[in-house]
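Below: the structure, in structure tokens.
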Amino acid sequence: QQPAQFTNPETPGYVGFANLPNQVHRKSVKKGFEFTLMVVGESGLGKSTLINSLFLTDLYPERIIPGAADKIERTVQIEASTVEIEERGVKLRLTVVDTPGYGDAINCRDCFKTIISYIDEQFERYLHDESGLNRRHIIDNRVHCCFYFISPFGHGLKPLDVEFMKAIHNKVNIVPVIAKADTLSLKERERLKKRILDEIEEHGIKIYHLPDAESDEDEDFKEQTRLLKASIPFCVVGSNQLIEAKGKKVRGRLYPWGVVEVENPEHNDFLKLRTMLITHMQDLQEVTQDLHYENFRSERLKRGGRKVEDEEVNKDQILLEKEAEVR
Amino acid sequence: PHAGPVESRNEAAMSELVPEPRQKPVVPMKPMGINASLLGYIGIDTIIEQMRKKTMKTGFDFNIMVVGQSGLGKSTLINTLFKSQVSRKSSGWNREEKIPKTVEIKAIGHVIEEGGVKMKLTVIDTPGFGDQINNENCWEPIEKYINEQYEKFLKEEVNIARKKRIPDTRVHCCLYFISPTGHSLRPLDLEFMKHLSKVVNIIPVIAKADTMTLEEKTEFKQRVRKELEVNGIEFYPQKEFDEDLEDKTENDKIRQESMPFAVVGSDKEYQVNGKRVLGRKTPWGIIEVENLNHCEFALLRDFVIRTHLQDLKEVTHNIHYETYRAKRLNDNGGLPPMTVETEENHESNL
């Protein structure tokens, strides 16, 4: 659709701004995308394996798994790993925020504090940058999406799951995920999904809702969106091991009774989860900006008295200046 | 054949009277040799048959407790073990049943019969364990229950006019369900087993083991065994109670290789290779519960029911109960506790 050489287009009324999306697209491709994904759940629910499977990488090469005695003393940590992925010229700067220690302690009363503080800090920093003088290079470290892992071994949501999701559903997009889904038969999966959805509704928990497909999208896309919406929460299996199955090498898990294929839609919802994440990355960012961040911002500005703000701003200003110097 | 140990074992089975506290062997006993050469057949060996007949007539009690987070398949496993619906499933799909706010103790008794032998089986469930946000001390109601049963037995024992057969509600075996995370034990697992292994026989099992591949299973079991050892947790069969070399060899193998048993339970049957088997059906295959290549359920079943059932009861009676009794008598200045029948006194003596 690009006008070749300043010639007048055929249609008289045509201005040419229909070309805008392409320009935006080109700029985005050049700039690259930033996305921050937070991962929360008890130890041993398959979080790391799933993240590695989703992004076909090993984000945790030197991982040491602590024993139970070590876990008794530990509090929840925040660990962020950033990886740059490039596909067909499109760059994605993905940050995965892990929360080891969550749900492990005998008393999980204080589990959430660290996590909520982290989310708020990112909002605070963005708010500060946005209000600053130099706004050219605002880095967006806000958490755009939180995968919350629900145990496949339980009968539904645990008290901790309910309390945590209620504490963060106004701050971040929650996508509930059930990993290690190969522990469930298909019937058990359906029951568990239904039970979880019922409990989410019962407790008034707001999870991320995929927007309906626009009326002008093609049928395939509409159907895909319908399927995705109907499958939440996703029951997934993660693996980066290649197993021989039906004459091909597939990513999967080898059991004495058969092979579970990660990318087989009849075995689990992995492909659906991946599709949802990729096709809705933009929307997840938008909702974070338009809803969660704006919520935070209005609360924050209403709350913060002038004096306190100024002092904080000064401290942060100094820190920022120092950072700029280092850069 | 060993003369000493077998006799005391059968005695306990028949009358459930209080035998002499069994000395813990410092050195594994050698099997006693038979040095008298018999001049003819006397018929001493028929005592085995007599005992067997008696046992069949009286039947016996077995009390098994299950502990673990909600949803780990405890009820299903008990039903699979005893091939009957003896454990009311925590009806996970019924909206009305919620996780209780504190740990509850629910004991349900059934009489099951096999080959003319009657067993009064009591399954003690502990819903609510480990399910709260704050699980501190959630093992206390369980420890209290176990001690209460010892107390009940003690009270009956010291009665002047006591029953011929004291009803035995003591917990003979506690199956502790470990979540198959594949990583390590959880802090709550350690705390529970540390406290309770001193008062009851604990058999740790890895629940829903169909979530792990063979490699993952082996690694996880090794790690769990190591953690239990490092933390000084003695699960059943405890090393210090091995009676002789034969016991020790057999139990060593179980302790160091088989346990904790990685199990899968099911009460549904499917057709596999022309046979009906208990299993779980998935899109990628059928998991056969009693197939040793798939999981270790059969090992657990054989261990608890077919080989060590009587021993579980004996260790409970001769060791755990005796420990409780000795402490109670000591606390009371060497005198037996008051045997007034009222409920209030019963509580205050505790």
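By convention in this document, the chains of the structure tokens carry letters A, B, ... by their order, each chain's residues are numbered from 1, and ligands are numbered from 1 in the order they are shown.
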Residue list (alpha helix (DSSP H), DSSP) for segment 128-302 of chain A, as a PyMOL selection string: chain A and resi 128-131+159-168+186-202+219-230+270-279+281-287+294-302
Please report as a Markdown table every residue of chain A lying within 6 Å of chain B, along with the nearest atom pair and their distance in Å (one decimal), using only C-alpha atoms.
```
| residue | atom | partner | partner_atom | distance |
| --- | --- | --- | --- | --- |
| A:Gly44 | CA | B:Thr181 | CA | 4.1 |
| A:Gly67 | CA | B:Ser184 | CA | 5.6 |
| A:Ala68 | CA | B:Pro187 | CA | 4.9 |
| A:Ile72 | CA | B:Pro187 | CA | 5.6 |
| A:Ile106 | CA | B:Asn135 | CA | 5.2 |
| A:Asn107 | CA | B:Asn134 | CA | 4.1 |
| A:Cys108 | CA | B:Ile133 | CA | 5.3 |
| A:Phe153 | CA | B:Gly71 | CA | 5.4 |
| A:Gly154 | CA | B:Gly71 | CA | 4.1 |
| A:His155 | CA | B:Gly92 | CA | 5.3 |
| A:Leu160 | CA | B:Ile133 | CA | 5.3 |
| A:Thr183 | CA | B:Thr211 | CA | 4.9 |
| A:Ser185 | CA | B:Thr282 | CA | 5.0 |
| A:Tyr255 | CA | B:Thr213 | CA | 5.4 |
| A:Trp257 | CA | B:Gly285 | CA | 5.3 |
| A:Gly258 | CA | B:Trp284 | CA | 5.2 |
```
Can you list, as a PyMOL selection string, all residues belonging to segment 41-134 of chain B that DSSP tags as strand (DSSP E)? chain B and resi 60-67+106-114+117-125
Residues within 7 Å of segment 229-233 of chain A, please, as an mmCIF file with all heavy atoms, in the first residue's frame. Count only C-alpha atoms; anything in the same chain fewer than 6 positions from it doesn't count.
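The resulting out_35.cif:
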```
data_model
loop_
_atom_site.group_PDB
_atom_site.id
_atom_site.type_symbol
_atom_site.label_atom_id
_atom_site.label_comp_id
_atom_site.auth_asym_id
_atom_site.auth_seq_id
_atom_site.Cartn_x
_atom_site.Cartn_y
_atom_site.Cartn_z
ATOM 1 N N PRO A 176 -4.424 -18.180 35.720
ATOM 2 C CA PRO A 176 -4.228 -19.406 36.499
ATOM 3 C C PRO A 176 -3.793 -20.548 35.594
ATOM 4 O O PRO A 176 -4.331 -20.711 34.492
ATOM 5 C CB PRO A 176 -5.619 -19.672 37.090
ATOM 6 C CG PRO A 176 -6.575 -18.953 36.201
ATOM 7 C CD PRO A 176 -5.844 -17.870 35.494
ATOM 8 N N VAL A 177 -2.808 -21.301 36.065
ATOM 9 C CA VAL A 177 -2.255 -22.395 35.264
ATOM 10 C C VAL A 177 -2.185 -23.649 36.124
ATOM 11 O O VAL A 177 -1.870 -23.577 37.309
ATOM 12 C CB VAL A 177 -0.820 -22.049 34.790
ATOM 13 C CG1 VAL A 177 -0.219 -23.206 34.017
ATOM 14 C CG2 VAL A 177 -0.830 -20.801 33.929
ATOM 15 N N ILE A 178 -2.506 -24.787 35.528
ATOM 16 C CA ILE A 178 -2.327 -26.051 36.231
ATOM 17 C C ILE A 178 -1.254 -26.815 35.481
ATOM 18 O O ILE A 178 -1.474 -27.261 34.352
ATOM 19 C CB ILE A 178 -3.621 -26.879 36.240
ATOM 20 C CG1 ILE A 178 -4.750 -26.057 36.864
ATOM 21 C CG2 ILE A 178 -3.424 -28.182 37.003
ATOM 22 C CD1 ILE A 178 -6.116 -26.629 36.573
ATOM 23 N N LYS A 193 -10.986 -28.089 36.485
ATOM 24 C CA LYS A 193 -11.134 -26.773 35.858
ATOM 25 C C LYS A 193 -12.444 -26.135 36.289
ATOM 26 O O LYS A 193 -12.497 -24.975 36.683
ATOM 27 C CB LYS A 193 -11.131 -26.904 34.327
ATOM 28 C CG LYS A 193 -9.782 -27.095 33.705
ATOM 29 C CD LYS A 193 -9.884 -26.934 32.188
ATOM 30 C CE LYS A 193 -8.592 -27.372 31.526
ATOM 31 N NZ LYS A 193 -8.588 -27.056 30.086
ATOM 32 N N LEU A 210 -9.651 -12.937 28.367
ATOM 33 C CA LEU A 210 -9.275 -12.683 26.972
ATOM 34 C C LEU A 210 -10.394 -11.858 26.339
ATOM 35 O O LEU A 210 -11.569 -12.184 26.498
ATOM 36 C CB LEU A 210 -9.140 -13.990 26.199
ATOM 37 C CG LEU A 210 -7.845 -14.756 26.365
ATOM 38 C CD1 LEU A 210 -7.890 -15.594 27.626
ATOM 39 C CD2 LEU A 210 -7.629 -15.657 25.181
#
```
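One distance worth recording is that between atom CA of Ile138 of chain A and atom CA of Val83 of chain A, which is 18.8 Å.
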Polymer residues at most 10 Å from Ile115 of chain A, only C-alpha atoms, same-chain spacing of 3 or more positions, as a list in words: Met38, Val40, Val76, Gln77, Ile78, Val97, Asp98, Thr99, Tyr102, Asp110, Cys111, Phe112, Tyr118, Ile119, Asp120, Glu121, Phe164 and Ile168 of chain A
Go ahead and write the selection's residues with C-alpha atoms as a compact mmCIF listing (two decimals), in the first residue's frame.
```txt
# COMPACT_ATOMS: atom_id res chain seq x y z
CA MET A 38 5.78 -13.19 37.02
CA VAL A 40 4.04 -17.74 41.42
CA VAL A 76 10.02 -15.47 49.84
CA GLN A 77 12.64 -14.16 47.40
CA ILE A 78 12.22 -12.28 44.17
CA VAL A 97 10.20 -12.90 37.79
CA ASP A 98 10.39 -15.94 40.04
CA THR A 99 9.18 -16.10 43.61
CA TYR A 102 6.22 -18.94 48.12
CA ASP A 110 3.63 -13.38 55.22
CA CYS A 111 4.05 -15.00 51.85
CA PHE A 112 2.51 -12.25 49.86
CA TYR A 118 7.72 -5.87 44.25
CA ILE A 119 4.73 -5.24 42.02
CA ASP A 120 4.06 -1.91 43.69
CA GLU A 121 7.71 -0.92 43.41
CA PHE A 164 -3.10 -14.47 47.33
CA ILE A 168 -3.08 -9.09 43.69
```
